[in-house]
>>> print(open('upload_2.cif').read())   # mmCIF, C-alpha atoms and all ligand atoms
data_coords
loop_
_atom_site.label_atom_id
_atom_site.label_comp_id
_atom_site.auth_asym_id
_atom_site.auth_seq_id
_atom_site.Cartn_x
_atom_site.Cartn_y
_atom_site.Cartn_z
CA MET A 95 75.67 85.14 92.16
CA PRO A 96 75.62 81.36 91.46
CA ALA A 97 77.79 79.24 93.78
CA ARG A 98 79.88 77.95 90.83
CA ALA A 99 81.05 81.47 89.95
CA ARG A 100 82.03 82.16 93.55
CA ILE A 101 84.22 79.04 93.63
CA PHE A 102 85.94 80.25 90.46
CA TYR A 103 86.87 83.54 92.13
CA MET A 104 88.12 82.00 95.38
CA LYS A 105 91.84 82.61 96.10
CA ASP A 106 92.08 84.89 93.05
CA LEU A 107 91.65 87.83 95.40
CA ILE A 108 93.76 88.65 98.43
CA LEU A 109 93.03 91.68 100.60
CA TYR A 110 95.59 93.16 102.96
CA SER A 111 93.44 94.86 105.57
CA TYR A 112 93.27 96.09 109.15
CA PHE A 113 89.98 95.63 110.95
CA ARG A 114 89.70 99.25 112.09
CA SER A 115 90.97 100.86 108.89
CA SER A 116 88.22 102.85 107.21
CA THR A 117 89.91 102.56 103.82
CA SER A 118 89.97 98.75 104.20
CA PHE A 119 86.34 98.88 105.33
CA ARG A 120 85.47 100.61 102.00
CA VAL A 121 86.92 97.78 99.95
CA ARG A 122 85.42 95.10 102.20
CA ILE A 123 82.00 96.68 101.55
CA ALA A 124 82.69 96.63 97.80
CA LEU A 125 83.77 92.97 97.87
CA ALA A 126 80.73 92.02 99.94
CA LEU A 127 78.29 93.88 97.69
CA LYS A 128 79.86 92.11 94.74
CA ASP A 129 79.72 88.77 96.55
CA LEU A 130 83.38 88.17 95.76
CA ASP A 131 85.23 85.80 98.04
CA TYR A 132 88.77 86.71 99.08
CA GLU A 133 91.62 85.76 101.34
CA TYR A 134 91.99 88.19 104.25
CA ARG A 135 95.57 89.05 105.21
CA PRO A 136 95.73 91.22 108.33
CA VAL A 137 98.26 94.05 108.60
CA HIS A 138 98.50 95.31 112.19
CA LEU A 139 98.91 99.08 112.01
CA LEU A 140 100.18 99.48 115.60
CA ASN A 141 102.18 96.38 116.58
CA ASN A 142 106.00 96.75 116.40
CA GLY A 143 105.82 100.26 114.97
CA GLY A 144 103.17 99.15 112.48
CA GLU A 145 103.49 96.25 110.05
CA GLN A 146 102.65 98.71 107.26
CA ASN A 147 106.03 100.36 107.90
CA GLN A 148 108.06 97.17 107.69
CA SER A 149 109.92 95.95 104.67
CA PRO A 150 107.77 92.94 103.68
CA TYR A 151 104.62 95.07 103.41
CA ARG A 152 106.42 98.07 101.90
CA GLN A 153 107.51 95.80 99.05
CA ILE A 154 103.84 95.23 98.28
CA ASN A 155 102.72 98.80 98.97
CA PRO A 156 105.55 101.38 99.00
CA ILE A 157 103.48 104.10 100.73
CA GLY A 158 102.54 101.73 103.49
CA GLY A 159 98.75 102.07 103.78
CA VAL A 160 96.02 99.46 103.81
CA PRO A 161 94.22 98.16 101.87
CA THR A 162 96.17 96.44 99.15
CA LEU A 163 94.42 94.05 96.77
CA ILE A 164 96.10 91.25 94.87
CA HIS A 165 94.11 89.89 91.95
CA ASN A 166 95.54 86.97 90.02
CA GLY A 167 99.00 87.93 91.30
CA LYS A 168 98.67 91.60 90.32
CA THR A 169 98.93 94.21 93.06
CA LEU A 170 96.80 97.31 93.45
CA SER A 171 96.53 99.90 96.21
CA GLN A 172 94.42 103.03 96.93
CA SER A 173 90.94 102.04 98.02
CA LEU A 174 89.04 104.14 95.48
CA VAL A 175 91.16 102.81 92.64
CA ILE A 176 90.59 99.26 93.88
CA MET A 177 86.82 99.80 93.99
CA GLU A 178 86.73 101.13 90.45
CA TYR A 179 88.96 98.29 89.30
CA LEU A 180 86.62 95.73 90.86
CA ASP A 181 83.71 97.25 88.92
CA ASP A 182 85.69 96.89 85.69
CA ALA A 183 87.23 93.48 86.43
CA PHE A 184 83.90 91.96 87.50
CA PRO A 185 81.32 93.77 85.36
CA GLU A 186 78.64 91.18 86.06
CA THR A 187 78.75 91.98 89.80
CA TYR A 188 77.15 94.87 91.72
CA GLN A 189 78.44 98.16 90.24
CA LEU A 190 79.50 100.94 92.60
CA PHE A 191 80.11 103.67 90.05
CA PRO A 192 77.25 104.88 87.80
CA LYS A 193 77.66 104.48 84.06
CA SER A 194 76.47 108.01 83.25
CA ILE A 195 79.67 110.06 83.04
CA PHE A 196 78.32 113.06 84.96
CA GLN A 197 76.78 110.95 87.73
CA ARG A 198 79.99 108.96 87.91
CA ALA A 199 82.00 112.16 88.28
CA LYS A 200 79.63 113.40 91.02
CA VAL A 201 80.00 110.14 92.95
CA LYS A 202 83.79 110.41 92.65
CA GLN A 203 83.67 114.05 93.74
CA PHE A 204 81.75 113.02 96.88
CA CYS A 205 84.25 110.21 97.49
CA GLU A 206 87.26 112.50 97.11
CA ASN A 207 85.83 114.92 99.66
CA ILE A 208 86.08 112.06 102.12
CA ASN A 209 89.23 110.43 100.79
CA ALA A 210 91.44 113.47 100.24
CA ASP A 211 89.98 116.18 102.48
CA MET A 212 88.88 114.18 105.53
CA HIS A 213 90.50 110.75 105.82
CA ALA A 214 93.99 111.92 104.87
CA LEU A 215 94.03 114.57 107.61
CA GLY A 216 93.07 112.11 110.33
CA ASN A 217 95.28 109.24 109.18
CA LEU A 218 97.38 107.41 111.75
CA LYS A 219 100.73 108.61 110.35
CA VAL A 220 99.57 112.26 110.48
CA LEU A 221 98.46 111.91 114.10
CA GLN A 222 101.67 110.08 115.01
CA TYR A 223 103.69 112.92 113.46
CA LEU A 224 101.70 115.59 115.33
CA GLU A 225 102.42 113.70 118.55
CA SER A 226 106.11 112.98 118.01
CA LYS A 227 107.15 116.30 116.41
CA HIS A 228 104.70 118.75 117.94
CA GLY A 229 103.82 117.17 121.29
CA TYR A 230 100.12 116.70 120.58
CA THR A 231 98.28 114.94 123.40
CA GLN A 232 95.36 112.56 122.82
CA SER A 233 92.89 115.41 123.30
CA ASP A 234 94.87 117.71 120.94
CA LYS A 235 94.71 114.97 118.31
CA GLU A 236 90.98 114.51 118.84
CA ALA A 237 90.44 118.28 118.50
CA TRP A 238 92.47 118.26 115.25
CA VAL A 239 90.46 115.39 113.78
CA GLN A 240 87.15 116.86 114.96
CA HIS A 241 87.97 120.19 113.30
CA TRP A 242 88.74 118.70 109.88
CA PHE A 243 86.03 116.07 109.97
CA HIS A 244 83.34 118.61 110.92
CA GLN A 245 84.41 120.78 107.99
CA GLY A 246 84.06 117.75 105.74
CA PHE A 247 80.74 116.55 107.14
CA LYS A 248 79.23 120.03 106.75
CA ALA A 249 80.13 119.97 103.06
CA LEU A 250 78.88 116.39 102.62
CA GLU A 251 75.56 117.26 104.24
CA THR A 252 75.11 120.17 101.81
CA MET A 253 75.83 117.86 98.88
CA LEU A 254 73.50 115.17 100.21
CA ALA A 255 70.64 117.69 100.30
CA GLU A 256 70.90 117.71 96.49
CA THR A 257 71.35 114.01 95.82
CA ALA A 258 70.26 111.78 98.72
CA THR A 259 67.13 109.76 99.22
CA ASP A 260 67.72 106.38 100.89
CA TYR A 261 71.42 106.50 100.01
CA CYS A 262 73.89 109.21 99.02
CA PHE A 263 72.82 109.16 95.39
CA GLY A 264 69.18 108.19 95.26
CA GLU A 265 67.85 104.73 95.90
CA VAL A 266 70.88 102.63 94.97
CA ILE A 267 74.07 102.09 96.92
CA THR A 268 77.12 103.61 95.23
CA ALA A 269 80.79 104.06 96.12
CA ALA A 270 79.73 107.24 97.96
CA ASP A 271 77.93 105.14 100.59
CA ALA A 272 80.89 102.77 100.82
CA LEU A 273 83.06 105.77 101.77
CA LEU A 274 80.56 107.66 103.93
CA ILE A 275 79.76 104.83 106.34
CA PRO A 276 83.40 103.99 107.22
CA MET A 277 84.08 107.72 107.66
CA MET A 278 81.18 107.94 110.13
CA VAL A 279 82.37 104.90 112.07
CA THR A 280 85.84 106.48 112.34
CA ALA A 281 84.34 109.85 113.31
CA GLU A 282 82.51 108.20 116.21
CA ARG A 283 85.83 106.80 117.41
CA PHE A 284 87.13 110.38 117.54
CA LYS A 285 84.02 111.42 119.53
CA LEU A 286 82.42 113.56 116.82
CA ASP A 287 78.80 114.42 117.46
CA LEU A 288 77.17 113.52 114.14
CA THR A 289 73.64 114.54 115.08
CA SER A 290 74.00 117.81 113.14
CA TYR A 291 74.16 115.73 109.95
CA PRO A 292 70.67 114.18 109.71
CA LEU A 293 70.96 113.11 106.07
CA ALA A 294 74.21 111.27 106.73
CA MET A 295 72.65 109.71 109.84
CA LYS A 296 69.65 108.48 107.84
CA ILE A 297 71.93 106.95 105.19
CA PHE A 298 74.00 105.32 107.92
CA LYS A 299 70.87 103.68 109.33
CA ASN A 300 69.81 102.45 105.88
CA CYS A 301 73.23 101.09 104.95
CA MET A 302 73.59 99.30 108.25
CA GLN A 303 70.52 97.21 107.36
CA ASN A 304 72.46 95.84 104.36
CA SER A 305 74.35 92.58 104.89
CA ALA A 306 77.41 93.81 102.95
CA PHE A 307 77.91 96.70 105.38
CA ILE A 308 77.26 94.42 108.36
CA THR A 309 79.77 91.79 107.15
CA ALA A 310 82.43 94.37 106.32
CA HIS A 311 82.15 96.24 109.64
CA PRO A 312 85.34 96.50 111.76
CA ILE A 313 83.81 94.49 114.61
CA ARG A 314 83.43 91.38 112.42
CA GLN A 315 86.87 90.90 110.84
CA PRO A 316 89.31 88.01 111.30
CA ASP A 317 91.74 90.37 113.09
CA THR A 318 89.15 92.09 115.29
CA PRO A 319 90.25 91.68 118.92
CA ASN A 320 87.85 89.43 120.83
CA ASP A 321 86.81 92.18 123.25
CA LEU A 322 85.57 94.32 120.33
CA LYS A 323 83.62 91.52 118.65
CA PRO A 324 79.84 91.49 119.12
CA ALA A 325 78.54 89.15 121.81
CA GLN A 326 77.44 85.80 120.29
N1 LIG A 401 94.38 106.87 100.27
C1 LIG A 401 94.67 105.56 100.74
C2 LIG A 401 94.95 105.64 102.23
C3 LIG A 401 95.38 104.32 102.81
C4 LIG A 401 95.74 104.48 104.28
O1 LIG A 401 96.64 105.25 104.62
N2 LIG A 401 95.02 103.77 105.13
C5 LIG A 401 95.25 103.89 106.57
C6 LIG A 401 94.26 103.11 107.37
S1 LIG A 401 92.63 103.76 107.26
C7 LIG A 401 96.62 103.37 106.90
O2 LIG A 401 96.99 102.31 106.43
N3 LIG A 401 97.36 104.10 107.71
C8 LIG A 401 98.64 103.67 108.14
C9 LIG A 401 99.48 104.80 108.65
O3 LIG A 401 99.00 105.95 108.69
O4 LIG A 401 100.62 104.51 109.02
C10 LIG A 401 93.52 104.62 100.40
O5 LIG A 401 92.40 105.12 100.17
O6 LIG A 401 93.71 103.41 100.31
#
>>> encode(input="upload_2.cif", output="structure tokens")
Amino acid sequence: MPARARIFYMKDLILYSYFRSSTSFRVRIALALKDLDYEYRPVHLLNNGGEQNQSPYRQINPIGGVPTLIHNGKTLSQSLVIMEYLDDAFPETYQLFPKSIFQRAKVKQFCENINADMHALGNLKVLQYLESKHGYTQSDKEAWVQHWFHQGFKALETMLAETATDYCFGEVITAADALLIPMMVTAERFKLDLTSYPLAMKIFKNCMQNSAFITAHPIRQPDTPNDLKPAQ
């Protein structure tokens, strides 16, 4: 994109994000692929009971998750919705959702398998509830996440056998890749062995050669703690 257009967009976009959040990572990938500049506003999900649970952030996003996007003063949450909105609001930029209605629906189906049936079950508030109300230990929580994520990854691998080449849907990056890679990074944090999913592993390797995925990665964000940042 020409430099002039990027200057026009600057400050029009604000992203509330947490470095480690996989849903924020999705939108950061989308913004990077689109070459859209934005202001990064960190929301610490753990400090003081979680900034996402405090009144100032709840006024922006009543359900309390990150990311939230503000575009020209208008507020939008839910990462998948934000990604689709960015396609529509900036049609001249890289498009994450195919135009063909069936392909588009298939990409969304793949995304929802991750969004609704995997991410939601391993979300921080779910794990915090299991700990506070049901006495789950760290290893109980890991076992819970591993169970649900493995179920999800098995299904994704079956779907990828139908659609994947270099990326989830053929040779172009779509929203499916922007959801799969963050899910895999989170899965590694919960000690999942992903070697049984060779198609997903191949796509991971391919995506991680792309500068948008590199830039958007949790280890390179303004709020990444110094000890997690890559050595210079
Ligand atoms: N479905 C939402 C989920 C947003 C969400 O809950 N994100 C997580 C971080 S990955 C979060 O903010 N969790 C805070 C909490 O569980 O308290 C989306 O896709 O944006």
>>> closest_atom_pairs(input="upload_2.cif", of="chain A", to="ligand LIG 401 (chain A)", cutoff="7 Å", atoms="all atoms listed in the file", output="JSON lines")
{"residue": "A:Ser115", "atom": "CA", "partner": "A:LIG401", "partner_atom": "S1", "distance": 3.7}
{"residue": "A:Ser116", "atom": "CA", "partner": "A:LIG401", "partner_atom": "S1", "distance": 4.5}
{"residue": "A:Thr117", "atom": "CA", "partner": "A:LIG401", "partner_atom": "S1", "distance": 4.5}
{"residue": "A:Ser118", "atom": "CA", "partner": "A:LIG401", "partner_atom": "S1", "distance": 6.4}
{"residue": "A:Leu139", "atom": "CA", "partner": "A:LIG401", "partner_atom": "C8", "distance": 6.0}
{"residue": "A:Gly144", "atom": "CA", "partner": "A:LIG401", "partner_atom": "O4", "distance": 6.9}
{"residue": "A:Gln146", "atom": "CA", "partner": "A:LIG401", "partner_atom": "O4", "distance": 6.4}
{"residue": "A:Asn147", "atom": "CA", "partner": "A:LIG401", "partner_atom": "O4", "distance": 6.9}
{"residue": "A:Gly158", "atom": "CA", "partner": "A:LIG401", "partner_atom": "O2", "distance": 6.3}
{"residue": "A:Gly159", "atom": "CA", "partner": "A:LIG401", "partner_atom": "O2", "distance": 3.2}
{"residue": "A:Val160", "atom": "CA", "partner": "A:LIG401", "partner_atom": "O2", "distance": 4.0}
{"residue": "A:Pro161", "atom": "CA", "partner": "A:LIG401", "partner_atom": "O6", "distance": 5.5}
{"residue": "A:Ser171", "atom": "CA", "partner": "A:LIG401", "partner_atom": "O6", "distance": 6.1}
{"residue": "A:Gln172", "atom": "CA", "partner": "A:LIG401", "partner_atom": "O6", "distance": 3.5}
{"residue": "A:Ser173", "atom": "CA", "partner": "A:LIG401", "partner_atom": "O6", "distance": 3.8}
{"residue": "A:Leu174", "atom": "CA", "partner": "A:LIG401", "partner_atom": "O5", "distance": 5.9}
{"residue": "A:Asn209", "atom": "CA", "partner": "A:LIG401", "partner_atom": "O5", "distance": 6.2}
{"residue": "A:Ala214", "atom": "CA", "partner": "A:LIG401", "partner_atom": "N1", "distance": 6.8}
{"residue": "A:Asn217", "atom": "CA", "partner": "A:LIG401", "partner_atom": "O3", "distance": 5.0}
{"residue": "A:Leu218", "atom": "CA", "partner": "A:LIG401", "partner_atom": "O3", "distance": 3.8}
{"residue": "A:Lys219", "atom": "CA", "partner": "A:LIG401", "partner_atom": "O3", "distance": 3.6}
{"residue": "A:Val220", "atom": "CA", "partner": "A:LIG401", "partner_atom": "O3", "distance": 6.6}
>>> residues_around(input="upload_2.cif", residues="Phe184 in chain A", least_positions_apart="5", cutoff="9 Å", atoms="only C-alpha atoms", output="list in words")
Lys128, Tyr179 and Gln189 of chain A
>>> closest_residue(input="upload_2.cif", among="A:Ala124, A:Cys301, A:Ile154, A:Ala281", to="Cys262 in chain A", atoms="all atoms listed in the file")
A:Cys301
>>> residues_around(input="upload_2.cif", residues="Asp287 in chain A", least_positions_apart="4", cutoff="10 Å", atoms="all atoms listed in the file", output="list in words")
Gln240, His244, Ala281, Glu282 and Tyr291 of chain A
>>> atom_distance(input="upload_2.cif", atom1="CA of Leu130 in chain A", atom2="CA of Ser111 in chain A")
15.6 Å
>>> residues_around(input="upload_2.cif", residues="Phe284 in chain A", least_positions_apart="6", cutoff="9 Å", atoms="all atoms listed in the file", output="mmCIF file with C-alpha atoms, in the frame of the given file")
data_model
loop_
_atom_site.group_PDB
_atom_site.id
_atom_site.type_symbol
_atom_site.label_atom_id
_atom_site.label_comp_id
_atom_site.auth_asym_id
_atom_site.auth_seq_id
_atom_site.Cartn_x
_atom_site.Cartn_y
_atom_site.Cartn_z
ATOM 1 C CA LYS A 235 94.710 114.970 118.310
ATOM 2 C CA GLU A 236 90.980 114.510 118.840
ATOM 3 C CA ALA A 237 90.440 118.280 118.500
ATOM 4 C CA VAL A 239 90.460 115.390 113.780
ATOM 5 C CA GLN A 240 87.150 116.860 114.960
#
